[in-house]
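Visitor: I am sharing upload21.cif, which consists of mmCIF, C-alpha atoms and all ligand atoms:
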data_target
loop_
_atom_site.label_atom_id
_atom_site.label_comp_id
_atom_site.auth_asym_id
_atom_site.auth_seq_id
_atom_site.Cartn_x
_atom_site.Cartn_y
_atom_site.Cartn_z
CA MET A 194 127.33 122.07 100.15
CA LYS A 195 127.79 120.91 103.74
CA ILE A 196 124.84 118.75 104.62
CA GLY A 197 123.84 117.18 107.94
CA ILE A 198 121.82 113.96 107.53
CA THR A 199 119.86 112.30 110.32
CA CYS A 200 118.17 108.90 110.05
CA TYR A 201 117.49 105.72 111.95
CA PRO A 202 120.75 103.84 111.51
CA THR A 203 119.23 100.39 111.95
CA TYR A 204 117.96 98.04 109.26
CA GLY A 205 115.05 99.81 107.60
CA GLY A 206 114.24 101.52 104.35
CA SER A 207 114.47 105.10 105.54
CA GLY A 208 117.97 104.55 106.96
CA VAL A 209 119.05 102.83 103.76
CA VAL A 210 117.74 105.68 101.58
CA ALA A 211 119.35 108.32 103.83
CA THR A 212 122.70 106.51 103.81
CA GLU A 213 122.70 105.91 100.07
CA LEU A 214 121.76 109.58 99.56
CA GLY A 215 124.69 110.67 101.74
CA LEU A 216 127.10 108.42 99.82
CA GLU A 217 125.83 109.72 96.47
CA LEU A 218 126.07 113.36 97.62
CA ALA A 219 129.63 112.82 98.86
CA ALA A 220 130.54 111.23 95.52
CA ARG A 221 129.25 114.42 93.88
CA GLY A 222 131.57 116.58 96.00
CA HIS A 223 129.37 117.58 98.93
CA ASP A 224 130.46 117.21 102.56
CA VAL A 225 128.06 114.93 104.38
CA HIS A 226 127.74 114.70 108.16
CA PHE A 227 125.62 111.83 109.49
CA ILE A 228 124.21 112.64 112.93
CA SER A 229 122.65 109.65 114.68
CA TYR A 230 123.05 107.24 117.60
CA ALA A 231 124.95 104.63 115.57
CA VAL A 232 126.75 104.31 112.24
CA PRO A 233 124.06 103.72 109.54
CA VAL A 234 123.85 100.11 108.44
CA ARG A 235 124.92 100.60 104.82
CA MET A 236 127.91 102.80 105.74
CA THR A 237 130.27 99.88 105.55
CA GLU A 238 133.58 101.66 105.07
CA ALA A 239 135.26 105.01 105.60
CA ARG A 240 134.75 107.32 102.61
CA GLU A 241 136.08 110.70 101.65
CA ARG A 242 133.69 113.57 102.55
CA ILE A 243 131.58 111.33 104.81
CA HIS A 244 131.62 112.05 108.53
CA PHE A 245 129.76 110.50 111.42
CA HIS A 246 128.74 112.20 114.67
CA GLU A 247 127.40 109.94 117.37
CA VAL A 248 124.55 111.17 119.53
CA GLU A 249 125.01 109.96 123.09
CA VAL A 250 122.07 110.13 125.44
CA MET A 251 122.96 110.63 129.07
CA SER A 252 121.06 108.36 131.39
CA TYR A 253 120.00 109.63 134.78
CA PRO A 254 117.80 107.99 137.42
CA LEU A 255 115.10 110.60 136.83
CA PHE A 256 114.92 109.77 133.13
CA ASP A 257 112.62 106.81 132.70
CA HIS A 258 112.76 107.75 129.00
CA PRO A 259 116.14 109.28 128.08
CA PRO A 260 115.46 112.41 125.96
CA TYR A 261 117.03 111.39 122.62
CA THR A 262 115.20 114.18 120.77
CA LEU A 263 117.01 116.79 122.87
CA ALA A 264 120.42 115.11 122.69
CA LEU A 265 120.00 114.93 118.91
CA ALA A 266 119.01 118.62 118.72
CA SER A 267 122.10 119.56 120.75
CA MET A 268 124.34 117.47 118.49
CA MET A 269 122.77 118.99 115.36
CA TYR A 270 123.44 122.43 116.83
CA ASN A 271 127.06 121.58 117.72
CA VAL A 272 127.85 119.98 114.35
CA ALA A 273 126.22 122.86 112.45
CA ALA A 274 128.42 125.35 114.31
CA ALA A 275 131.66 123.33 114.18
CA GLU A 276 131.33 122.24 110.55
CA ASN A 277 129.50 125.28 109.22
CA LEU A 278 126.62 123.18 107.89
CA ASP A 279 124.42 124.73 105.20
CA LEU A 280 121.37 122.65 106.04
CA LEU A 281 119.98 119.57 107.74
CA HIS A 282 118.13 116.79 105.95
CA VAL A 283 116.18 114.51 108.25
CA HIS A 284 114.67 111.17 107.25
CA TYR A 285 111.55 109.88 109.05
CA ALA A 286 109.59 112.68 110.68
CA LEU A 287 109.69 111.61 114.32
CA PRO A 288 111.59 112.67 116.25
CA HIS A 289 114.15 113.90 113.74
CA SER A 290 112.23 116.87 112.35
CA VAL A 291 111.43 118.04 115.89
CA SER A 292 115.14 117.95 116.77
CA ALA A 293 115.96 119.82 113.55
CA TYR A 294 113.31 122.42 114.39
CA LEU A 295 114.95 122.95 117.80
CA ALA A 296 118.46 123.10 116.32
CA ARG A 297 117.28 125.71 113.81
CA ALA A 298 115.59 127.75 116.55
CA MET A 299 118.79 127.67 118.64
CA GLN A 300 120.82 129.40 115.92
CA ASN A 301 121.89 132.86 116.88
CA GLY A 302 121.54 134.86 113.68
CA ARG A 303 122.90 131.96 111.59
CA LYS A 304 120.54 130.14 109.20
CA LEU A 305 120.09 126.38 109.46
CA PRO A 306 117.18 125.33 107.23
CA PHE A 307 116.00 121.73 107.31
CA VAL A 308 114.40 119.33 104.86
CA THR A 309 112.14 116.54 106.13
CA THR A 310 111.71 113.40 104.03
CA LEU A 311 108.69 111.28 104.91
CA HIS A 312 109.12 107.55 104.40
CA GLY A 313 106.08 105.63 105.48
CA THR A 314 105.17 104.53 108.97
CA ASP A 315 106.15 107.99 110.26
CA ILE A 316 102.95 109.10 108.49
CA THR A 317 100.78 106.02 108.17
CA LEU A 318 101.21 104.58 111.69
CA VAL A 319 103.35 106.40 114.24
CA GLY A 320 102.51 109.97 113.25
CA GLN A 321 98.78 109.28 113.27
CA ASP A 322 98.80 108.00 116.83
CA ARG A 323 96.98 110.59 118.93
CA SER A 324 100.03 111.12 121.13
CA TYR A 325 102.21 112.10 118.17
CA LEU A 326 99.85 113.61 115.61
CA PRO A 327 100.06 117.28 116.70
CA ILE A 328 103.86 117.30 116.91
CA THR A 329 104.24 115.42 113.60
CA ARG A 330 101.94 117.90 111.89
CA PHE A 331 103.78 120.83 113.48
CA SER A 332 107.24 119.65 112.45
CA ILE A 333 106.05 119.02 108.89
CA GLU A 334 104.55 122.51 108.70
CA GLN A 335 107.73 124.05 110.13
CA SER A 336 110.19 122.30 107.79
CA ASP A 337 111.80 124.47 105.12
CA ALA A 338 110.93 121.75 102.60
CA VAL A 339 109.11 118.45 102.85
CA THR A 340 109.42 115.50 100.48
CA ALA A 341 107.57 112.19 100.29
CA ILE A 342 109.00 109.09 98.67
CA SER A 343 105.85 108.23 96.68
CA GLU A 344 102.73 109.94 95.40
CA TYR A 345 100.70 107.64 97.64
CA LEU A 346 102.54 108.92 100.73
CA ARG A 347 102.31 112.53 99.54
CA GLN A 348 98.53 112.23 99.26
CA VAL A 349 98.15 110.49 102.63
CA THR A 350 100.25 113.21 104.28
CA LEU A 351 98.23 116.07 102.79
CA LYS A 352 94.91 114.42 103.63
CA GLU A 353 95.46 112.79 107.03
CA PHE A 354 97.41 115.69 108.52
CA ASP A 355 95.45 118.38 106.72
CA ILE A 356 98.73 119.89 105.54
CA ARG A 357 98.43 123.24 103.72
CA ARG A 358 102.04 123.58 102.58
CA PRO A 359 103.62 121.92 99.54
CA VAL A 360 104.92 118.39 99.93
CA GLU A 361 107.12 117.40 96.99
CA LEU A 362 107.45 113.95 95.50
CA ILE A 363 111.03 112.73 95.23
CA PRO A 364 110.88 108.97 94.75
CA ASN A 365 113.33 106.52 96.21
CA PHE A 366 116.29 105.57 94.06
CA VAL A 367 118.86 102.87 93.48
CA ASN A 368 122.43 103.03 92.25
CA CYS A 369 122.08 101.10 88.98
CA ASP A 370 125.85 100.66 88.71
CA ILE A 371 125.98 98.80 92.02
CA PHE A 372 122.65 96.99 91.71
CA PHE A 373 122.77 95.25 88.32
CA PRO A 374 121.91 91.84 86.87
CA ALA A 375 124.47 89.15 87.69
CA GLU A 376 126.38 87.60 84.85
CA ASP A 377 129.23 85.50 86.19
CA GLY A 378 129.39 87.16 89.64
CA SER A 379 126.25 85.51 90.91
CA ARG A 380 126.32 83.61 94.22
CA ARG A 381 123.71 81.22 92.82
CA PRO A 382 125.88 78.03 93.00
CA GLU A 383 126.38 78.52 96.77
CA PHE A 384 122.66 78.43 97.47
CA ALA A 385 121.30 76.42 94.56
CA PRO A 386 123.97 73.81 93.72
CA HIS A 387 121.53 71.80 91.58
CA ASP A 388 120.28 74.85 89.71
CA GLU A 389 117.13 75.17 91.83
CA LYS A 390 115.11 78.37 91.41
CA ILE A 391 115.83 81.05 94.02
CA LEU A 392 113.22 83.20 95.77
CA VAL A 393 114.39 86.09 97.93
CA HIS A 394 112.91 88.29 100.64
CA LEU A 395 114.62 91.37 102.08
CA SER A 396 113.17 93.31 105.00
CA ASN A 397 113.42 94.27 108.65
CA PHE A 398 111.13 91.34 109.58
CA ARG A 399 108.57 93.59 111.28
CA PRO A 400 104.90 92.48 111.45
CA VAL A 401 104.03 94.90 108.61
CA LYS A 402 106.22 92.77 106.26
CA ARG A 403 104.11 89.60 106.79
CA VAL A 404 107.14 87.31 106.65
CA SER A 405 104.91 84.34 107.47
CA ASP A 406 103.33 84.89 104.01
CA VAL A 407 106.79 84.58 102.48
CA VAL A 408 107.21 81.18 104.11
CA GLU A 409 103.67 80.05 103.13
CA THR A 410 104.26 81.15 99.55
CA PHE A 411 107.61 79.41 99.41
CA ALA A 412 106.09 76.19 100.79
CA LEU A 413 103.48 76.23 97.98
CA VAL A 414 106.15 76.86 95.35
CA ARG A 415 108.37 74.15 96.83
CA GLU A 416 105.51 71.63 96.49
CA LYS A 417 105.72 72.10 92.71
CA ILE A 418 109.38 72.72 91.87
CA PRO A 419 112.86 72.45 93.44
CA ALA A 420 113.53 75.87 94.93
CA LYS A 421 115.50 77.73 97.57
CA LEU A 422 114.56 80.73 99.69
CA LEU A 423 116.96 83.48 100.79
CA MET A 424 115.73 85.50 103.77
CA ILE A 425 117.82 88.66 104.15
CA GLY A 426 117.49 90.89 107.19
CA ASP A 427 116.51 90.56 110.79
CA GLY A 428 113.79 91.73 113.14
CA PRO A 429 111.07 90.69 115.55
CA ASP A 430 109.36 88.13 113.28
CA ARG A 431 112.48 86.26 112.22
CA ALA A 432 112.26 83.62 114.99
CA SER A 433 108.63 82.76 114.16
CA ALA A 434 109.48 82.53 110.44
CA GLU A 435 112.36 80.17 111.23
CA TRP A 436 110.03 78.09 113.39
CA MET A 437 107.47 77.90 110.52
CA VAL A 438 110.22 76.78 108.15
CA ARG A 439 111.26 74.00 110.54
CA ARG A 440 107.66 72.90 111.09
CA LYS A 441 107.10 72.66 107.34
CA GLY A 442 110.28 70.61 106.91
CA LEU A 443 111.89 73.27 104.71
CA SER A 444 115.03 73.96 106.75
CA ARG A 445 117.37 72.63 104.05
CA ASP A 446 115.83 74.90 101.44
CA ALA A 447 115.46 78.19 103.33
CA HIS A 448 118.50 80.24 104.34
CA PHE A 449 118.15 82.95 106.97
CA LEU A 450 121.11 85.19 106.22
CA GLY A 451 120.55 87.98 108.76
CA LYS A 452 121.64 91.55 108.15
CA GLN A 453 123.83 91.83 105.09
CA SER A 454 125.75 94.84 103.85
CA GLN A 455 126.24 93.69 100.23
CA VAL A 456 122.64 92.79 99.43
CA GLN A 457 123.13 93.34 95.70
CA THR A 458 125.16 90.14 95.23
CA LEU A 459 122.37 88.14 96.89
CA LEU A 460 119.50 89.88 95.10
CA SER A 461 121.13 89.40 91.73
CA SER A 462 121.42 85.66 92.43
CA ALA A 463 117.62 85.31 92.73
CA ASP A 464 114.84 84.63 90.21
CA VAL A 465 111.98 86.33 92.01
CA LEU A 466 111.56 88.64 95.02
CA LEU A 467 108.60 88.28 97.41
CA LEU A 468 107.18 91.36 99.14
CA PRO A 469 103.82 90.44 100.73
CA SER A 470 103.69 93.53 103.04
CA GLN A 471 100.58 94.76 104.80
CA LEU A 472 101.62 98.29 103.96
CA GLU A 473 104.45 99.74 101.91
CA SER A 474 104.78 103.38 100.95
CA PHE A 475 107.30 102.54 98.27
CA GLY A 476 108.93 99.12 98.57
CA LEU A 477 112.64 99.86 98.24
CA ALA A 478 113.54 96.16 98.38
CA ALA A 479 111.45 95.57 95.25
CA LEU A 480 113.24 98.40 93.43
CA GLU A 481 116.68 97.07 94.43
CA GLY A 482 115.67 93.66 93.12
CA MET A 483 114.34 95.21 89.90
CA ALA A 484 117.64 97.01 89.29
CA CYS A 485 119.28 93.57 89.58
CA GLY A 486 116.89 92.31 86.90
CA VAL A 487 114.76 90.37 89.39
CA PRO A 488 110.97 90.72 89.07
CA ALA A 489 108.93 91.03 92.28
CA VAL A 490 105.64 89.53 93.37
CA ALA A 491 104.27 92.07 95.84
CA SER A 492 101.13 93.25 97.60
CA ARG A 493 98.90 95.64 95.69
CA ILE A 494 99.18 98.27 98.39
CA GLY A 495 100.34 101.83 99.11
CA GLY A 496 103.06 103.04 96.76
CA ILE A 497 104.00 99.63 95.33
CA PRO A 498 101.89 100.09 92.15
CA GLU A 499 104.00 103.21 91.44
CA VAL A 500 107.07 100.96 91.26
CA ILE A 501 105.70 97.73 89.72
CA THR A 502 103.18 97.53 86.89
CA ASP A 503 101.19 94.32 87.33
CA GLY A 504 102.24 91.82 84.67
CA VAL A 505 105.15 93.91 83.37
CA GLU A 506 107.99 94.18 85.90
CA GLY A 507 106.42 91.67 88.26
CA TYR A 508 102.99 90.92 89.70
CA LEU A 509 100.71 92.54 92.25
CA VAL A 510 98.43 90.43 94.45
CA GLU A 511 95.96 91.15 97.25
CA ILE A 512 97.37 91.20 100.79
CA GLY A 513 97.48 87.73 102.34
CA ASP A 514 96.58 85.87 99.14
CA VAL A 515 99.50 83.45 99.35
CA ARG A 516 97.98 81.04 96.80
CA THR A 517 97.95 83.69 94.08
CA MET A 518 101.37 84.88 95.19
CA ALA A 519 102.71 81.33 94.77
CA ASP A 520 100.95 80.95 91.38
CA ARG A 521 102.46 84.21 90.13
CA ALA A 522 105.91 83.25 91.39
CA LEU A 523 105.57 79.86 89.67
CA GLY A 524 104.49 81.64 86.49
CA ILE A 525 107.87 83.38 86.49
CA LEU A 526 109.94 80.45 87.74
CA THR A 527 108.62 77.88 85.28
CA SER A 528 108.97 79.98 82.13
CA ALA A 529 112.50 80.99 81.15
CA GLU A 530 111.01 83.36 78.60
CA ARG A 531 108.79 85.17 81.15
CA ARG A 532 111.62 85.29 83.70
CA GLU A 533 113.87 86.87 81.09
CA GLN A 534 111.23 89.30 79.79
CA MET A 535 110.09 90.50 83.23
CA GLY A 536 113.64 90.72 84.53
CA ARG A 537 114.59 92.92 81.57
CA ALA A 538 111.48 95.09 82.02
CA ALA A 539 112.28 95.44 85.74
CA ARG A 540 115.84 96.56 85.05
CA ASP A 541 114.64 98.97 82.31
CA ARG A 542 112.07 100.55 84.63
CA ALA A 543 114.69 101.02 87.35
CA LEU A 544 117.07 102.59 84.83
CA ARG A 545 114.38 104.81 83.33
CA GLU A 546 112.77 106.19 86.48
CA PHE A 547 114.62 105.42 89.68
CA CYS A 548 118.38 105.55 89.09
CA SER A 549 120.34 107.69 91.53
CA THR A 550 121.71 109.66 88.56
CA LYS A 551 118.14 110.90 87.96
CA ILE A 552 116.97 111.36 91.56
CA ILE A 553 119.99 112.85 93.39
CA PRO A 554 119.92 116.05 91.29
CA LEU A 555 116.33 116.57 92.45
CA TYR A 556 117.57 116.70 96.04
CA GLU A 557 120.47 118.98 95.07
CA ASN A 558 118.06 121.38 93.35
CA LEU A 559 115.80 121.35 96.39
CA TYR A 560 118.75 122.18 98.68
CA ARG A 561 119.80 125.05 96.39
CA ARG A 562 116.26 126.39 96.38
CA ILE A 563 115.93 126.47 100.14
CA LEU A 564 119.40 128.00 100.54
CA GLU A 565 118.48 130.76 98.09
CA ALA A 566 115.22 131.36 99.97
CA ASN A 567 117.09 131.68 103.26
O1 LIG A 601 108.42 100.46 108.48
C1 LIG A 601 109.21 100.12 107.64
O2 LIG A 601 109.02 99.29 106.77
C2 LIG A 601 110.53 100.79 107.63
C3 LIG A 601 110.39 102.07 106.93
C4 LIG A 601 111.52 102.90 107.27
O3 LIG A 601 111.28 104.08 107.36
O4 LIG A 601 112.64 102.47 107.51
O5 LIG A 601 110.21 101.85 105.53
C5 LIG A 601 109.52 102.85 104.83
O6 LIG A 601 110.48 103.58 104.09
C6 LIG A 601 111.08 102.88 102.99
C7 LIG A 601 112.12 103.78 102.35
O7 LIG A 601 111.60 104.98 101.91
C8 LIG A 601 109.99 102.46 101.99
O8 LIG A 601 110.59 101.77 100.90
C9 LIG A 601 109.01 101.55 102.72
O9 LIG A 601 107.96 101.24 101.81
C10 LIG A 601 108.44 102.23 103.94
N1 LIG A 601 107.67 101.25 104.72
C11 LIG A 601 106.36 101.34 104.89
O10 LIG A 601 105.68 102.21 104.41
C12 LIG A 601 105.75 100.28 105.74
#
How does this structure look as structure tokens?
Ligand code: GMT
Guide:
Amino acid sequence: MKIGITCYPTYGGSGVVATELGLELAARGHDVHFISYAVPVRMTEARERIHFHEVEVMSYPLFDHPPYTLALASMMYNVAAAENLDLLHVHYALPHSVSAYLARAMQNGRKLPFVTTLHGTDITLVGQDRSYLPITRFSIEQSDAVTAISEYLRQVTLKEFDIRRPVELIPNFVNCDIFFPAEDGSRRPEFAPHDEKILVHLSNFRPVKRVSDVVETFALVREKIPAKLLMIGDGPDRASAEWMVRRKGLSRDAHFLGKQSQVQTLLSSADVLLLPSQLESFGLAALEGMACGVPAVASRIGGIPEVITDGVEGYLVEIGDVRTMADRALGILTSAERREQMGRAARDRALREFCSTKIIPLYENLYRRILEAN
């Protein structure tokens, strides 16, 4: 199939899922055309069957707000015609599904169905804002197929938007051959030369991630045992987290690594992953850690309980309860047996339910179904 994929290319779960999906589809023989304003963050090298089409938005003195949605729709239209695309798959409803709707409507006799995958804040925050709710609802209703990345998000979508059409659950996935437990390839000695325990956090450092809770938790852990913290990613709350680390005198133990393309080598070097988010429809970072055999301590919120069973592949704690988060992390870090057992359970769960080998065929079947229906 020839598939056009649109996503936010910046650091964020939906862009990561869209990019990994494109790479997996290309590896399975499909032609994949990414259509966005920049090369997606995990597309680190040129690959066979992967193409990128940059959307440029013309600026003009009249445009206080350059119309990206329209430029994207035009590019979708152009790429569909030039490359003979079979369908579009857009990730994150706004504005991508509106652009796809326009590109489909512009077709002259040709079919260009589109799939919308809902990821989280497109439904739980942005889409529910009064200014966007009607158009989000409309573009969901108009999509040829709609998927949500967790049952939690599927239910919220149906209820909050009063959606009457089917929304299918296709959970997020991880490539278990790329994300796997470290044996000798671990980067542990670089960060923990004296065999300190390693805690890791991976996110886009937005307020919803509560990165200050990561620092508070780490400070409590550090009071009890020698430990290091790896902070992977970047975003608006990074500077305040770095300031907190300095104020607590933890600068030598906390490493802010910024945006990284090979996160698997860092994740697999860690002992526990912290995900204290305010809201998380799935928690892809936790799953990537789990595939690396690293248990997570995460908020009991949104779709996270669909990924982590409390006490089995990690622990769930109430939002903002940094004391319990630190206690749970210490429970893992101070018992080699528990670390080993939970790490193995985490890897097993990832292998059993969320490997790309299981999930990608669900997308392929969905594409076939909508092509047959068109
Ligand atoms: O707002 C964010 O956290 C970013 C957002 C995104 O779309 O990039 O993440 C959402 O999608 C991820 C991939 O499907 C999920 O793993 C995250 O849980 C989800 N974030 C939220 O629901 C807050």
Visitor: May I have the residues within 9 Å of ligand LIG 601 (chain A), computed using all atoms listed in the file, as a VMD selection string?
Guide: chain A and resid 200 to 201 203 to 211 284 to 285 310 to 318 341 to 343 346 364 to 365 396 to 399 401 to 402 470 to 480 495 to 497
Visitor: Compare A:Met236, A:Val250, A:Ile228, A:Leu351 by their minimum atom-to-atom distance to Met269 of chain A, counting all atoms listed in the file, and give me the closest one.
Guide: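 That would be A:Ile228, the residue with the smallest distance to Met269 of chain A.
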Visitor: To one decimal place, how far is atom CA of Thr527 of chain A from atom CA of Pro498 of chain A in Å?
Guide: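 Those two atoms sit 24.2 Å apart.
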Visitor: Would you mind telling me which residue in A:Ala543, A:Val510, A:Val225, A:Val487 lies nearest to His282 of chain A when using only C-alpha atoms?
Guide: A:Val225
Visitor: For the atom pair atom CA of Leu392 of chain A and atom CA of Leu467 of chain A, what is the interatomic distance in Å to one decimal place?
Guide: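 Taking atom CA of Leu392 of chain A as the start and atom CA of Leu467 of chain A as the end point, the length is 7.1 Å.
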Visitor: Could I see segment 331-346 of chain A restored to N, CA and C atoms, set down as an mmCIF file, keeping the file's coordinate frame?
Guide:
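Dumped to out_2.cif:
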data_model
loop_
_atom_site.group_PDB
_atom_site.id
_atom_site.type_symbol
_atom_site.label_atom_id
_atom_site.label_comp_id
_atom_site.auth_asym_id
_atom_site.auth_seq_id
_atom_site.Cartn_x
_atom_site.Cartn_y
_atom_site.Cartn_z
ATOM 1 N N PHE A 331 103.038 119.595 113.242
ATOM 2 C CA PHE A 331 103.780 120.830 113.480
ATOM 3 C C PHE A 331 105.147 120.793 112.804
ATOM 4 N N SER A 332 105.866 119.686 112.992
ATOM 5 C CA SER A 332 107.240 119.650 112.450
ATOM 6 C C SER A 332 107.231 119.582 110.926
ATOM 7 N N ILE A 333 106.166 119.001 110.357
ATOM 8 C CA ILE A 333 106.050 119.020 108.890
ATOM 9 C C ILE A 333 105.803 120.456 108.423
ATOM 10 N N GLU A 334 104.871 121.123 109.076
ATOM 11 C CA GLU A 334 104.550 122.510 108.700
ATOM 12 C C GLU A 334 105.762 123.426 108.845
ATOM 13 N N GLN A 335 106.601 123.152 109.846
ATOM 14 C CA GLN A 335 107.730 124.050 110.130
ATOM 15 C C GLN A 335 108.970 123.771 109.272
ATOM 16 N N SER A 336 109.003 122.633 108.603
ATOM 17 C CA SER A 336 110.190 122.300 107.790
ATOM 18 C C SER A 336 110.346 123.312 106.655
ATOM 19 N N ASP A 337 111.590 123.542 106.240
ATOM 20 C CA ASP A 337 111.800 124.470 105.120
ATOM 21 C C ASP A 337 111.393 123.814 103.799
ATOM 22 N N ALA A 338 111.463 122.505 103.748
ATOM 23 C CA ALA A 338 110.930 121.750 102.600
ATOM 24 C C ALA A 338 110.562 120.370 103.098
ATOM 25 N N VAL A 339 109.549 119.794 102.466
ATOM 26 C CA VAL A 339 109.110 118.450 102.850
ATOM 27 C C VAL A 339 109.018 117.614 101.577
ATOM 28 N N THR A 340 109.568 116.404 101.624
ATOM 29 C CA THR A 340 109.420 115.500 100.480
ATOM 30 C C THR A 340 108.811 114.183 100.959
ATOM 31 N N ALA A 341 108.112 113.530 100.028
ATOM 32 C CA ALA A 341 107.570 112.190 100.290
ATOM 33 C C ALA A 341 108.122 111.271 99.216
ATOM 34 N N ILE A 342 108.293 110.004 99.570
ATOM 35 C CA ILE A 342 109.000 109.090 98.670
ATOM 36 C C ILE A 342 108.065 108.414 97.643
ATOM 37 N N SER A 343 106.766 108.714 97.722
ATOM 38 C CA SER A 343 105.850 108.230 96.680
ATOM 39 C C SER A 343 104.648 109.172 96.631
ATOM 40 N N GLU A 344 103.927 109.110 95.531
ATOM 41 C CA GLU A 344 102.730 109.940 95.400
ATOM 42 C C GLU A 344 101.678 109.490 96.411
ATOM 43 N N TYR A 345 101.623 108.175 96.633
ATOM 44 C CA TYR A 345 100.700 107.640 97.640
ATOM 45 C C TYR A 345 100.945 108.323 98.991
ATOM 46 N N LEU A 346 102.219 108.356 99.410
ATOM 47 C CA LEU A 346 102.540 108.920 100.730
ATOM 48 C C LEU A 346 102.298 110.427 100.756
#
